[in-house]
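To be precise, the following lines are target_6.txt, and they hold compact mmCIF, C-alpha atoms.
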# COMPACT_ATOMS: atom_id res chain seq x y z
CA MET I 1 -42.25 189.24 205.45
CA SER I 2 -38.93 189.22 203.70
CA SER I 3 -35.77 187.94 205.32
CA LYS I 4 -34.27 191.38 204.92
CA SER I 5 -36.60 192.84 207.53
CA LEU I 6 -35.29 190.34 210.14
CA ARG I 7 -31.71 191.61 209.89
CA PRO I 8 -30.62 194.43 212.16
CA GLY I 9 -29.80 197.65 210.42
CA LYS I 10 -26.60 199.63 210.61
CA THR I 11 -27.90 201.48 213.70
CA GLY I 12 -28.58 198.18 215.47
CA TYR I 13 -25.07 196.96 214.79
CA ILE I 14 -23.66 200.18 216.19
CA ARG I 15 -25.77 199.87 219.34
CA ILE I 16 -24.76 196.25 219.90
CA LEU I 17 -21.10 197.13 219.32
CA SER I 18 -21.36 200.11 221.72
CA VAL I 19 -22.90 197.97 224.46
CA PHE I 20 -20.19 195.34 223.96
CA ILE I 21 -17.44 197.95 224.14
CA ILE I 22 -18.94 199.52 227.28
CA LEU I 23 -19.32 196.14 229.01
CA THR I 24 -15.78 195.15 228.05
CA PHE I 25 -14.40 198.48 229.25
CA SER I 26 -16.36 198.24 232.51
CA ILE I 27 -15.10 194.73 233.20
CA ARG I 28 -11.50 195.72 232.46
CA LEU I 29 -11.77 198.88 234.58
CA SER I 30 -13.26 196.91 237.47
CA ALA I 31 -10.43 194.39 237.22
CA GLN I 32 -7.81 197.14 237.11
CA LEU I 33 -9.25 198.85 240.17
CA ARG I 34 -9.30 195.56 241.99
CA ASP I 35 -5.78 194.67 240.87
CA ASN I 36 -4.41 198.07 241.90
CA ILE I 37 -5.10 197.26 245.56
CA ASN I 38 -2.66 194.48 246.38
CA LEU I 39 -3.40 192.23 249.34
CA ALA I 40 -6.66 194.05 250.01
CA ASP I 41 -7.62 191.71 252.87
CA HIS I 42 -4.23 191.92 254.62
CA ASP I 43 -5.46 194.22 257.39
CA ASP I 44 -8.22 191.74 258.27
CA LYS I 45 -5.63 189.20 259.44
CA PHE I 46 -5.06 189.02 263.18
CA TYR I 47 -1.60 187.50 262.73
CA HIS I 48 0.96 187.45 259.97
CA LEU I 49 4.54 186.22 259.67
CA GLY I 50 7.62 187.82 258.18
CA ILE I 51 11.38 187.64 257.88
CA ALA I 52 13.95 190.44 258.09
CA LEU I 53 17.41 190.90 256.58
CA ILE I 54 19.41 193.23 258.82
CA VAL I 55 22.51 195.39 258.60
CA ASN I 56 23.70 197.48 261.53
CA THR I 57 26.31 199.93 262.65
CA SER I 58 27.19 200.05 266.33
CA HIS I 59 29.54 201.48 268.93
CA PHE I 60 29.94 201.83 272.68
CA GLN I 61 29.17 204.87 274.76
CA VAL I 62 32.24 204.96 276.97
CA THR I 63 32.34 206.28 280.53
CA PRO I 64 36.01 206.42 281.57
CA HIS I 65 37.16 205.35 285.02
CA SER I 66 39.14 207.67 287.27
CA ASN I 67 42.11 205.37 286.71
CA LEU I 68 42.41 206.82 283.21
CA LEU I 69 43.67 210.11 284.62
CA ALA I 70 46.23 208.31 286.75
CA SER I 71 47.37 205.96 283.98
CA ASP I 72 50.86 206.46 282.61
CA SER I 73 50.42 204.15 279.62
CA ILE I 74 46.86 204.81 278.37
CA LEU I 75 45.99 208.40 277.47
CA SER I 76 42.47 208.04 276.05
CA VAL I 77 39.78 205.56 274.99
CA ASN I 78 37.62 206.30 271.93
CA PRO I 79 34.75 204.23 270.48
CA GLU I 80 34.46 203.57 266.74
CA ASN I 81 31.45 202.78 264.57
CA THR I 82 31.62 199.36 262.95
CA GLY I 83 29.18 197.31 260.88
CA GLY I 84 27.38 194.01 261.28
CA PHE I 85 24.51 191.97 259.90
CA GLY I 86 21.71 189.70 261.04
CA LEU I 87 18.49 187.81 260.43
CA ALA I 88 15.17 187.83 262.27
CA GLY I 89 11.68 186.37 262.30
CA MET I 90 8.71 188.75 262.58
CA HIS I 91 5.44 187.84 264.34
CA THR I 92 2.88 190.63 264.02
CA PHE I 93 -0.53 190.87 265.73
CA ASN I 94 -3.15 193.31 264.48
CA LEU I 95 -4.64 195.25 267.42
CA SER I 96 -6.60 197.88 265.47
CA PRO I 97 -6.51 199.59 262.05
CA HIS I 98 -3.62 201.76 263.25
CA PHE I 99 -1.82 199.69 265.88
CA GLU I 100 0.13 196.44 265.69
CA PHE I 101 2.10 194.50 268.26
CA ARG I 102 5.24 192.80 266.95
CA VAL I 103 7.37 190.08 268.51
CA VAL I 104 10.76 189.61 266.87
CA PHE I 105 12.10 186.11 267.44
CA PRO I 106 14.49 184.67 266.76
CA GLN I 107 16.74 187.66 266.11
CA LEU I 108 20.39 186.82 265.56
CA MET I 109 22.83 189.65 264.92
CA PHE I 110 26.57 189.71 264.43
CA SER I 111 27.98 192.96 265.77
CA TYR I 112 31.47 194.43 265.98
CA LYS I 113 32.46 197.29 268.28
CA ASN I 114 35.94 198.81 268.31
CA LEU I 115 37.71 200.67 271.08
CA THR I 116 40.80 202.67 270.11
CA TYR I 117 43.34 203.39 272.83
CA SER I 118 45.98 206.09 272.68
CA THR I 119 48.97 204.65 274.49
CA THR I 120 52.48 205.73 275.37
CA PHE I 121 55.60 203.69 276.09
CA PRO I 122 58.10 204.40 278.88
CA ASN I 123 60.43 205.99 276.33
CA GLY I 124 57.73 208.53 275.45
CA GLN I 125 56.75 207.03 272.10
CA LYS I 126 53.00 207.29 271.43
CA THR I 127 50.91 204.84 269.45
CA THR I 128 47.33 203.58 269.10
CA ALA I 129 45.85 200.16 269.79
CA THR I 130 42.44 199.06 268.54
CA LYS I 131 40.52 196.33 270.35
CA GLN I 132 37.74 194.74 268.31
CA ILE I 133 34.96 193.26 270.41
CA GLU I 134 32.82 190.77 268.53
CA SER I 135 29.31 189.90 269.68
CA ILE I 136 26.76 187.32 268.55
CA LEU I 137 23.51 188.74 269.89
CA LEU I 138 20.39 186.66 270.39
CA GLY I 139 17.63 189.24 270.76
CA PHE I 140 13.99 189.26 271.80
CA PRO I 141 12.50 192.65 270.80
CA LEU I 142 8.91 193.59 271.67
CA GLN I 143 7.53 196.50 269.64
CA VAL I 144 4.35 198.52 269.13
CA LYS I 145 3.75 199.98 265.67
CA PHE I 146 1.57 202.99 264.81
CA LEU I 147 0.48 202.84 261.17
CA SER I 148 -0.85 205.56 258.89
CA ASP I 149 -3.90 205.13 256.67
CA ARG I 150 -3.16 202.98 253.66
CA MET I 151 -2.63 204.93 250.44
CA LYS I 152 -3.37 202.25 247.83
CA ASN I 153 -0.23 200.12 248.03
CA PHE I 154 1.80 202.31 250.38
CA ARG I 155 1.80 203.06 254.10
CA PHE I 156 4.30 204.35 256.64
CA TYR I 157 4.64 203.60 260.32
CA THR I 158 6.56 204.44 263.47
CA LEU I 159 7.52 202.03 266.21
CA GLY I 160 8.83 201.87 269.74
CA GLY I 161 9.77 199.05 272.03
CA VAL I 162 12.33 197.24 274.13
CA ASN I 163 14.92 194.60 273.32
CA TYR I 164 16.45 191.99 275.61
CA GLN I 165 19.69 190.55 274.23
CA TYR I 166 22.03 187.76 275.21
CA ASP I 167 25.59 187.78 273.88
CA LEU I 168 26.46 184.23 272.85
CA SER I 169 30.15 185.16 272.54
CA SER I 170 30.48 186.97 275.87
CA ASN I 171 33.97 186.77 277.36
CA ALA I 172 33.06 187.76 280.92
CA THR I 173 34.32 184.42 282.22
CA ALA I 174 37.44 184.31 280.04
CA ARG I 175 40.83 183.92 281.62
CA LYS I 176 42.72 187.07 282.41
CA ALA I 177 44.73 188.58 279.58
CA ASP I 178 46.13 192.08 279.42
CA ASP I 179 44.51 192.83 276.05
CA LEU I 180 40.96 191.81 277.01
CA VAL I 181 37.94 194.07 277.47
CA LYS I 182 35.34 191.80 279.03
CA LEU I 183 31.59 192.13 278.49
CA ASN I 184 28.63 190.81 280.46
CA PRO I 185 26.31 188.58 278.41
CA TYR I 186 23.07 190.45 279.11
CA ASP I 187 21.89 193.73 277.62
CA PHE I 188 18.61 195.66 277.59
CA SER I 189 17.80 198.35 275.03
CA ILE I 190 15.10 200.90 274.21
CA GLU I 191 14.27 201.14 270.51
CA ALA I 192 12.49 203.59 268.20
CA GLY I 193 12.19 203.73 264.44
CA VAL I 194 10.28 204.41 261.26
CA GLY I 195 9.36 202.23 258.29
CA PHE I 196 7.48 202.13 254.98
CA GLN I 197 5.24 199.37 253.66
CA PHE I 198 5.03 198.65 249.93
CA PHE I 199 2.25 196.22 249.03
CA PHE I 200 3.01 193.85 246.17
CA PRO I 201 0.64 191.18 244.79
CA VAL I 202 2.03 188.36 246.97
CA PHE I 203 4.09 190.04 249.73
CA ILE I 204 4.79 193.28 251.59
CA LEU I 205 8.26 194.87 251.51
CA SER I 206 9.10 197.16 254.43
CA PRO I 207 12.38 199.10 254.61
CA GLU I 208 12.84 200.04 258.27
CA LEU I 209 15.33 202.24 260.13
CA LYS I 210 15.68 201.89 263.88
CA ILE I 211 17.81 203.29 266.72
CA SER I 212 18.62 201.03 269.67
CA ASN I 213 20.15 202.43 272.87
CA GLY I 214 21.36 200.15 275.66
CA VAL I 215 20.41 201.27 279.17
CA ILE I 216 22.60 198.98 281.28
CA ASN I 217 26.35 198.74 281.69
CA VAL I 218 27.71 195.72 279.79
CA HIS I 219 31.34 196.20 280.86
CA HIS I 220 32.68 193.48 283.12
CA ARG I 221 35.40 195.58 284.67
CA ASP I 222 38.60 193.90 285.82
CA PRO I 223 41.05 196.26 287.54
CA ASN I 224 43.91 193.87 286.81
CA LEU I 225 43.56 194.20 283.03
CA ILE I 226 45.34 197.06 281.27
CA TYR I 227 42.59 197.84 278.78
CA SER I 228 39.74 197.29 281.22
CA ASN I 229 40.73 199.19 284.35
CA THR I 230 40.54 202.59 282.62
CA ILE I 231 36.87 202.05 281.67
CA ASP I 232 33.98 202.40 284.08
CA LYS I 233 30.90 201.78 281.89
CA LEU I 234 30.11 200.63 278.36
CA LYS I 235 26.63 201.05 276.91
CA SER I 236 25.68 199.81 273.47
CA ARG I 237 24.48 202.12 270.71
CA MET I 238 23.20 200.72 267.43
CA ILE I 239 21.52 201.88 264.21
CA VAL I 240 19.67 199.08 262.46
CA PHE I 241 18.41 198.98 258.87
CA SER I 242 16.08 196.10 257.97
CA LEU I 243 14.40 194.82 254.83
CA ILE I 244 11.26 193.02 256.02
CA PHE I 245 9.27 190.60 253.86
CA GLU I 246 5.77 189.79 255.11
CA GLY I 247 2.90 187.74 253.75
If you convert what's in this file into structure tokens, what do you get?
Amino acid sequence: MSSKSLRPGKTGYIRILSVFIILTFSIRLSAQLRDNINLADHDDKFYHLGIALIVNTSHFQVTPHSNLLASDSILSVNPENTGGFGLAGMHTFNLSPHFEFRVVFPQLMFSYKNLTYSTTFPNGQKTTATKQIESILLGFPLQVKFLSDRMKNFRFYTLGGVNYQYDLSSNATARKADDLVKLNPYDFSIEAGVGFQFFFPVFILSPELKISNGVINVHHRDPNLIYSNTIDKLKSRMIVFSLIFEG
């Protein structure tokens, strides 16, 4: 038998090359399909940790006191929207494929709320005075999230919950001063929002928009203060945008 008969013919080379190409393509396709699903085992975790960067806009819902009608110096009180920022830790517990329970702690937010007063002097001259009320809010939100089915590396969710807050800069015990509007340190809010999860190879990015409405009166009314005795109740209103990074 000649050595020539031991060599594969042109057809054999083509078959070997075809098999090699198919195997290579199959391996690459399998890898691509696997790589396209980032953090595929994320939903199997019972607990995961995250951090949130927060910006907010807030104002007071003002309920005027009957003294406002009788006041000769203050004509009206109007709330203004002002901005703030914050930082929070996210602790999320997986309850089912579509429900999660989230504890946000610590949550520290810097918030500014303005009240603009229309005033008049004894000579009849009218002017405006703006009182900026600064708050450093230590919050403890508890939230339940409802999540959609995952669409490859995207998913959206809605949430609802409550938020207990303590104002570290509360001035309720401050000495009397005519230009003060005093606030109680405690607040309790109901929250609702929507968010979107984008799955990356090593983390999840979630832009989230939330509305927070205070349900208790935070005004520490003092009838002896000019800018306080015309207000009956102040309730906090806040819109919060967060960028959440989770692992």
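Remark: for Gly161 (chain I), the closest of the candidate residues I:Val104, I:Thr116, I:Thr173, I:Phe200 is I:Val104 (distances computed over only C-alpha atoms).
If you look at CA of Leu87 (chain I) and CA of Asn56 (chain I), they are 11.0 Å away from each other.
Counting all atoms listed in the file, the residue from I:Asn153, I:Asn123, I:His220, I:Leu243 that sits nearest to Ala88 (chain I) is I:Leu243.
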Who sits within 12 Å of Leu115 (chain I), all atoms listed in the file, same chain under 4 positions skipped, as a JSON list (two decimals) with C-alpha atoms, keeping the file's coordinate frame:
[["chain", "number", "residue", "atom", "x", "y", "z"],
["I", 58, "SER", "CA", 27.19, 200.05, 266.33],
["I", 59, "HIS", "CA", 29.54, 201.48, 268.93],
["I", 60, "PHE", "CA", 29.94, 201.83, 272.68],
["I", 61, "GLN", "CA", 29.17, 204.87, 274.76],
["I", 62, "VAL", "CA", 32.24, 204.96, 276.97],
["I", 76, "SER", "CA", 42.47, 208.04, 276.05],
["I", 77, "VAL", "CA", 39.78, 205.56, 274.99],
["I", 78, "ASN", "CA", 37.62, 206.30, 271.93],
["I", 79, "PRO", "CA", 34.75, 204.23, 270.48],
["I", 80, "GLU", "CA", 34.46, 203.57, 266.74],
["I", 81, "ASN", "CA", 31.45, 202.78, 264.57],
["I", 82, "THR", "CA", 31.62, 199.36, 262.95],
["I", 128, "THR", "CA", 47.33, 203.58, 269.10],
["I", 129, "ALA", "CA", 45.85, 200.16, 269.79],
["I", 130, "THR", "CA", 42.44, 199.06, 268.54],
["I", 131, "LYS", "CA", 40.52, 196.33, 270.35],
["I", 132, "GLN", "CA", 37.74, 194.74, 268.31],
["I", 133, "ILE", "CA", 34.96, 193.26, 270.41],
["I", 134, "GLU", "CA", 32.82, 190.77, 268.53],
["I", 179, "ASP", "CA", 44.51, 192.83, 276.05],
["I", 180, "LEU", "CA", 40.96, 191.81, 277.01],
["I", 181, "VAL", "CA", 37.94, 194.07, 277.47],
["I", 227, "TYR", "CA", 42.59, 197.84, 278.78],
["I", 228, "SER", "CA", 39.74, 197.29, 281.22],
["I", 231, "ILE", "CA", 36.87, 202.05, 281.67],
["I", 234, "LEU", "CA", 30.11, 200.63, 278.36]]
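Distance check against Ser212 (chain I) using only C-alpha atoms: of I:Phe245, I:Thr57, I:Phe93, I:Leu138, the minimum falls on I:Thr57.
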- Looking at I:Asn184, I:Thr158, I:Asn171, I:Ser206, which one is nearest to Lys233 (chain I), with distances taken over all atoms listed in the file?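 Counting all atoms listed in the file, the residue closest to Lys233 (chain I) is I:Asn184.
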- Item | Shell around region 144-150 of chain I at 8 Å using only C-alpha atoms, local window under 3 positions removed, as a ChimeraX atom specification | /I:97-102,153-161
- Calculate how many Å separate CA of Lys45 (chain I) from CA of Lys210 (chain I), rounding to one decimal.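 Distance reported for this atom pair: 25.2 Å.
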- Item | For His219 (chain I), the nearest of the candidates I:Ser170, I:Ser111, I:Thr120, I:Ser73, counting all atoms listed in the file | I:Ser170
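Remark: for Gly50 (chain I), the closest of the candidate residues I:Ile216, I:Ile239, I:Leu69, I:Val103 is I:Val103 (distances computed over only C-alpha atoms).
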Assuming 4 Å of padding per side, give the centre and edge lengths of the axis-aligned box around every listed atom of region 55-59 of chain I, in Å to one decimal and as lines of an AutoDock Vina configuration file.
center_x = 26.0
center_y = 198.4
center_z = 263.8
size_x = 15.0
size_y = 14.1
size_z = 18.3
- Task: Quick one: pull the distance between CA of Pro207 (chain I) and CA of Gly83 (chain I), Å, one decimal.
- Result: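 Going from CA of Pro207 (chain I) over to CA of Gly83 (chain I), I get 18.0 Å.
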